[in-house]
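Step one of this worksheet: look at the structure below.
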Amino acid sequence: MRSPGRPTVARREDRQRFWQAVAQGRSSEDAAAVAGVSPVVGARWFRESGGMSPISMAPLSGRYLSLAEREEIALLKAGRQGVREIARRIGRDPSTISRELRRNAATRGGGLEYRATTAQWHADRRAKRPKTAKLAANDRLREYVQDRLAGTVTAPDGNPMPGPNVRWIGRRHGRRADRRWGKAWSPEQIANRLRVDYPDDASMRISHEAIYQALYVQGRGALRRELTACLRTGRALRVPRARTRGRGKKFITPEILISQRPAEAEDRDAPGHWEGDLILGLGSSAIGTLVERTTRFTMLLHLPRLEGHGQPRINNGPALAGHGAQAVRDAIAASITSLPGQLRRSLTWDQGAEMAQHARLRIDTGLQVFFCDPHSPWQRGTNENTNGLLRQYFPKGTDLSKHSTDDLTAVAATLNSRPRKTLHWKTPGEALDELLCVQSGSTGVASTP
């Protein structure tokens, strides 16, 4: 019996460790290190399977020999132990050992030498039970799915509208680039619509997960990989959910996420807890906003463009648009240090790169900085609402760099003198002044720095 070829570079257990690491959100390179294979091999496994595990993560049943048992068999066989002695030592039936030595021996040299890795490879290859994909076997179902994914867009009068001519390049479309037009139904929409269109035809049924696998997993032979361009994301590879959850900025650690923010900030009982953000305008112009959570008191940060803006940027140079990490840090520090100490408790921001120097800001001002979870603007709801009010003065699509510091001070004073329902029709300035009076025993009116 001739050997069908060279064994693979890794065992089943190695591949299982690789895909378990991927499911935890690790990159292909890091998962390859966990599995004990090279980064190139890990990247190839991920690409060939479309980002989806092609093997079961369930542990091997005890009825089958494991690699450790096969290694023990190989050592005992090399020590010239008999079949019954080997069976006795590893706790298996003699017929199991005899069959293993006969079926899974290495045959490349013409003999029947037993090697554990080769035997494991033979066993894994023999255990495969390839099944024809449902879309490959059912032409009518496949045509239905393909038409809902990539069918031609038509005008109301029925005339086809082909859209841009986009070549498939094997990876996700670039930013601000044309995309292929199609009906672009999601796999979930297709799977559920089949029950409506064919209520009595059981052969016209498929799950959305089976459609995803037919698109992403090579060798299924049902749907062409380029049809992934018709999905909403356009991803050529499927991204594990844990990897998207783990995305974030490198300067953010779990200790400074919003979940670690003091409970008094959530309750709005004590003043001094702020929320911040940038509002952007034409030409990457920006204005910084700071809103106190208890009183809704607002301060605006002037972020003028730096000298040289509009010229070719120097690599690793400062952000000339005026809202880089250093400029934002300096603007926040200048505004926040003008306040009494009891009003400098914490600041909550989104995970924008403009807050990369938050550690230095904390040292300079004593202000604790916390970050929202990725893509969670509702965790800064007070600030988001205030940004909406500010758009009355700074509309989207306008150049915000034309506004001076005096302009921003005037707008902030206008907001702070506007009565709010949530404050029982007090103004933010009055609410802040009342809190300060309670703490200090003096009277006065809060002003906008």
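Letters for chains follow the order of the structure tokens (A, B, ...), residue numbers begin at 1 for each chain, and ligand numbers begin at 1 in the order shown.
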Which of region 139-325 of chain A DSSP labels alpha helix (DSSP H), written as a PDB file with C-alpha atoms, in the first residue's frame:
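Saved as result_24.pdb:
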```
ATOM      1  CA  ASP A 139     -29.481  23.647  -8.308  1.00  0.00           C
ATOM      2  CA  ARG A 140     -32.796  25.435  -7.785  1.00  0.00           C
ATOM      3  CA  LEU A 141     -31.930  26.404  -4.235  1.00  0.00           C
ATOM      4  CA  ARG A 142     -28.462  27.565  -5.270  1.00  0.00           C
ATOM      5  CA  GLU A 143     -29.864  29.764  -8.052  1.00  0.00           C
ATOM      6  CA  TYR A 144     -32.361  31.304  -5.629  1.00  0.00           C
ATOM      7  CA  VAL A 145     -29.599  32.145  -3.122  1.00  0.00           C
ATOM      8  CA  GLN A 146     -27.239  33.508  -5.763  1.00  0.00           C
ATOM      9  CA  ASP A 147     -29.957  35.688  -7.279  1.00  0.00           C
ATOM     10  CA  ARG A 148     -30.843  37.239  -3.898  1.00  0.00           C
ATOM     11  CA  LEU A 149     -27.169  37.830  -3.142  1.00  0.00           C
ATOM     12  CA  ALA A 150     -25.850  39.070  -6.477  1.00  0.00           C
ATOM     13  CA  PRO A 187     -28.190  35.275   4.400  1.00  0.00           C
ATOM     14  CA  GLU A 188     -30.711  35.620   7.229  1.00  0.00           C
ATOM     15  CA  GLN A 189     -33.177  37.392   4.936  1.00  0.00           C
ATOM     16  CA  ILE A 190     -32.729  34.703   2.275  1.00  0.00           C
ATOM     17  CA  ALA A 191     -33.172  31.820   4.714  1.00  0.00           C
ATOM     18  CA  ASN A 192     -36.377  33.246   6.187  1.00  0.00           C
ATOM     19  CA  ARG A 193     -37.838  34.405   2.874  1.00  0.00           C
ATOM     20  CA  LEU A 194     -37.620  30.848   1.511  1.00  0.00           C
ATOM     21  CA  ARG A 195     -40.340  29.817   3.950  1.00  0.00           C
ATOM     22  CA  VAL A 196     -42.590  32.547   2.565  1.00  0.00           C
ATOM     23  CA  ASP A 197     -41.922  31.849  -1.115  1.00  0.00           C
ATOM     24  CA  HIS A 208     -28.216  31.373   7.122  1.00  0.00           C
ATOM     25  CA  GLU A 209     -25.126  29.747   8.655  1.00  0.00           C
ATOM     26  CA  ALA A 210     -24.993  27.226   5.798  1.00  0.00           C
ATOM     27  CA  ILE A 211     -25.006  30.144   3.329  1.00  0.00           C
ATOM     28  CA  TYR A 212     -22.144  31.822   5.178  1.00  0.00           C
ATOM     29  CA  GLN A 213     -20.160  28.578   5.135  1.00  0.00           C
ATOM     30  CA  ALA A 214     -20.821  28.097   1.429  1.00  0.00           C
ATOM     31  CA  LEU A 215     -19.438  31.606   0.830  1.00  0.00           C
ATOM     32  CA  TYR A 216     -16.417  31.539   3.089  1.00  0.00           C
ATOM     33  CA  ARG A 241     -16.995  38.062  17.037  1.00  0.00           C
ATOM     34  CA  ALA A 242     -14.499  38.072  19.921  1.00  0.00           C
ATOM     35  CA  ARG A 243     -11.959  39.809  17.701  1.00  0.00           C
ATOM     36  CA  THR A 244     -14.325  42.689  16.969  1.00  0.00           C
ATOM     37  CA  ARG A 245     -15.190  43.004  20.664  1.00  0.00           C
ATOM     38  CA  ALA A 263     -20.681  54.986  41.145  1.00  0.00           C
ATOM     39  CA  GLU A 264     -21.232  58.637  42.134  1.00  0.00           C
ATOM     40  CA  ALA A 265     -20.611  59.626  38.510  1.00  0.00           C
ATOM     41  CA  GLU A 266     -23.341  57.284  37.320  1.00  0.00           C
ATOM     42  CA  ASP A 267     -25.783  58.566  39.964  1.00  0.00           C
ATOM     43  CA  ALA A 325      -3.428  64.240  21.196  1.00  0.00           C
TER      44      ALA A 325
END
```
Of the listed residues A:Arg296, A:Arg391, A:Arg63, A:His358, that which approaches Pro428 (chain A) most closely, counting only C-alpha atoms: A:Arg296
If we count only C-alpha atoms, what is near Thr295 (chain A) at a cut-off of 9 Å, once residues fewer than 5 positions away on the same chain are taken out, given as a PyMOL selection string? chain A and resi 268+271+423+427-432+435
Atoms kept (C-alpha atoms) for selection, written as a PDB file, in the first residue's frame:
```pdb
ATOM      1  CA  ARG A 268     -25.067  62.242  39.136  1.00  0.00           C
ATOM      2  CA  PRO A 271     -20.608  67.447  40.581  1.00  0.00           C
ATOM      3  CA  LEU A 423     -32.870  70.688  36.049  1.00  0.00           C
ATOM      4  CA  THR A 427     -30.098  76.938  33.983  1.00  0.00           C
ATOM      5  CA  PRO A 428     -26.831  74.933  34.077  1.00  0.00           C
ATOM      6  CA  GLY A 429     -25.082  78.019  35.447  1.00  0.00           C
ATOM      7  CA  GLU A 430     -27.577  78.337  38.272  1.00  0.00           C
ATOM      8  CA  ALA A 431     -27.412  74.627  39.073  1.00  0.00           C
ATOM      9  CA  LEU A 432     -23.626  74.679  39.231  1.00  0.00           C
ATOM     10  CA  LEU A 435     -23.936  73.197  44.226  1.00  0.00           C
TER      11      LEU A 435
END
```
Among the residues of region 176-336 of chain A, find those DSSP assigns to strand (DSSP E or B) from the backbone and print them as a PyMOL selection string. chain A and resi 257+273-280+286-292+298-302
Using N, CA and C atoms, can you export the residues from the last selection as a compact mmCIF listing (two decimals), in the first residue's frame?
```txt
# COMPACT_ATOMS: atom_id res chain seq x y z
N LEU A 257 -11.61 51.75 31.72
CA LEU A 257 -12.86 51.69 30.99
C LEU A 257 -14.00 52.22 31.85
N HIS A 273 -17.95 65.43 37.49
CA HIS A 273 -17.76 64.33 36.54
C HIS A 273 -18.18 64.82 35.16
N TRP A 274 -17.26 64.80 34.23
CA TRP A 274 -17.44 65.40 32.92
C TRP A 274 -17.49 64.36 31.81
N GLU A 275 -18.14 64.72 30.73
CA GLU A 275 -18.10 63.93 29.50
C GLU A 275 -17.55 64.83 28.39
N GLY A 276 -16.73 64.26 27.51
CA GLY A 276 -16.09 65.07 26.48
C GLY A 276 -16.11 64.40 25.12
N ASP A 277 -15.95 65.24 24.09
CA ASP A 277 -15.96 64.73 22.71
C ASP A 277 -15.49 65.86 21.79
N LEU A 278 -15.34 65.54 20.52
CA LEU A 278 -15.06 66.53 19.49
C LEU A 278 -16.24 66.60 18.53
N ILE A 279 -16.59 67.79 18.10
CA ILE A 279 -17.51 67.93 16.96
C ILE A 279 -16.66 68.38 15.77
N LEU A 280 -16.83 67.72 14.65
CA LEU A 280 -15.98 67.93 13.49
C LEU A 280 -16.71 68.73 12.42
N ALA A 286 -12.28 71.24 14.07
CA ALA A 286 -12.93 70.61 15.22
C ALA A 286 -13.06 71.60 16.37
N ILE A 287 -14.02 71.33 17.23
CA ILE A 287 -14.22 72.04 18.49
C ILE A 287 -14.40 70.98 19.57
N GLY A 288 -13.70 71.14 20.69
CA GLY A 288 -13.85 70.22 21.81
C GLY A 288 -15.00 70.62 22.70
N THR A 289 -15.71 69.65 23.25
CA THR A 289 -16.84 69.92 24.14
C THR A 289 -16.66 69.18 25.46
N LEU A 290 -16.92 69.86 26.55
CA LEU A 290 -16.91 69.27 27.89
C LEU A 290 -18.24 69.59 28.56
N VAL A 291 -18.92 68.58 29.09
CA VAL A 291 -20.22 68.76 29.72
C VAL A 291 -20.20 68.09 31.09
N GLU A 292 -20.59 68.84 32.11
CA GLU A 292 -20.65 68.31 33.47
C GLU A 292 -21.94 67.51 33.63
N THR A 298 -21.54 73.47 30.36
CA THR A 298 -20.78 73.19 29.14
C THR A 298 -19.59 74.14 29.01
N MET A 299 -18.46 73.56 28.59
CA MET A 299 -17.28 74.34 28.22
C MET A 299 -16.84 73.89 26.83
N LEU A 300 -16.40 74.84 26.01
CA LEU A 300 -15.96 74.55 24.66
C LEU A 300 -14.46 74.79 24.54
N LEU A 301 -13.79 73.91 23.80
CA LEU A 301 -12.34 73.95 23.64
C LEU A 301 -12.00 74.49 22.26
N HIS A 302 -11.20 75.55 22.23
CA HIS A 302 -10.75 76.11 20.95
C HIS A 302 -9.56 75.30 20.45
```
For Tyr114 (chain A), find every residue with an atom within 10 Å (counting only C-alpha atoms), except residues of its own chain fewer than 3 positions away, and show them as a list in words. Arg70, Glu71, Ile73, Ala74, Leu75, Lys77, Ala78, Glu100, Leu101, Arg102, Arg103, Asn104, Ala105, Ala106, Thr107, Gly111, Thr117, Thr118 and Ala119 of chain A
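With distances restricted to only C-alpha atoms, A:Ala222 is the closest residue to Lys134 (chain A) from A:Leu231, A:Val217, A:Ala222, A:Leu347.
CA of Pro162 (chain A) is found 12.6 Å from CA of Asp178 (chain A).
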How close does each residue of region 6-32 of chain A get to region 42-45 of chain A, giving the shortest atom pair and distance in Å to one decimal for every residue with an atom at most 12 Å away, counting only C-alpha atoms, sorted by chain and residue number, as a Markdown table?
```
| residue | atom | partner | partner_atom | distance |
| --- | --- | --- | --- | --- |
| A:Thr8 | CA | A:Trp45 | CA | 11.9 |
| A:Val9 | CA | A:Gly42 | CA | 10.9 |
| A:Ala10 | CA | A:Gly42 | CA | 10.5 |
| A:Asp14 | CA | A:Gly42 | CA | 10.5 |
| A:Arg15 | CA | A:Trp45 | CA | 8.7 |
| A:Gln16 | CA | A:Trp45 | CA | 11.5 |
| A:Arg17 | CA | A:Gly42 | CA | 11.1 |
| A:Phe18 | CA | A:Gly42 | CA | 7.6 |
| A:Trp19 | CA | A:Trp45 | CA | 9.3 |
| A:Ala21 | CA | A:Gly42 | CA | 11.0 |
| A:Val22 | CA | A:Gly42 | CA | 10.0 |
| A:Arg26 | CA | A:Gly42 | CA | 11.4 |
| A:Ser27 | CA | A:Ala43 | CA | 9.0 |
| A:Ser28 | CA | A:Ala43 | CA | 5.5 |
| A:Glu29 | CA | A:Gly42 | CA | 6.1 |
| A:Asp30 | CA | A:Gly42 | CA | 8.6 |
| A:Ala31 | CA | A:Gly42 | CA | 7.0 |
| A:Ala32 | CA | A:Gly42 | CA | 4.8 |
```
Which polymer residues have any atom within 9 Å of an atom of region 153-155 of chain A, counting only C-alpha atoms, with same-chain residues fewer than 5 positions away left out, as a list in words? Pro160, Met161, Pro162, Gly163, Trp181, Gly182 and Lys183 of chain A
Written selection (C-alpha atoms) as a PDB file, in the first residue's frame:
```pdb
ATOM      1  CA  PRO A 160     -31.319  46.335 -15.482  1.00  0.00           C
ATOM      2  CA  MET A 161     -28.975  48.770 -13.735  1.00  0.00           C
ATOM      3  CA  PRO A 162     -25.585  47.045 -13.599  1.00  0.00           C
ATOM      4  CA  GLY A 163     -23.798  49.717 -11.548  1.00  0.00           C
ATOM      5  CA  TRP A 181     -24.071  46.311  -7.093  1.00  0.00           C
ATOM      6  CA  GLY A 182     -26.463  43.477  -6.371  1.00  0.00           C
ATOM      7  CA  LYS A 183     -29.717  42.717  -4.612  1.00  0.00           C
TER       8      LYS A 183
END
```
Excluding Phe370 (chain A) and any residue of its chain fewer than 4 positions from it, enumerate the residues within 8 Å of it, using only C-alpha atoms, and give them as a VMD selection string. chain A and resid 256 to 258 260 to 261 346 to 349
What gap, in Å, lies between CA of Leu67 (chain A) and CA of Gln120 (chain A)? 6.2 Å
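You will find CA of Ala321 (chain A) at 22.4 Å from CA of Gly388 (chain A).
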Show which residues sit within 7 Å of region 394-397 of chain A, as a PDB file with N, CA and C atoms, in the first residue's frame. Count only C-alpha atoms, and ignore same-chain residues fewer than 4 positions away.
```pdb
ATOM      1  N   GLY A 281     -15.911  69.456  11.644  1.00  0.00           N
ATOM      2  CA  GLY A 281     -16.456  70.260  10.568  1.00  0.00           C
ATOM      3  C   GLY A 281     -15.664  70.089   9.294  1.00  0.00           C
ATOM      4  N   LEU A 282     -15.856  71.004   8.382  1.00  0.00           N
ATOM      5  CA  LEU A 282     -15.226  70.925   7.071  1.00  0.00           C
ATOM      6  C   LEU A 282     -13.706  71.030   7.195  1.00  0.00           C
ATOM      7  N   LEU A 390     -25.351  72.049  20.126  1.00  0.00           N
ATOM      8  CA  LEU A 390     -24.299  72.905  19.575  1.00  0.00           C
ATOM      9  C   LEU A 390     -24.339  72.963  18.053  1.00  0.00           C
TER      10      LEU A 390
END
```
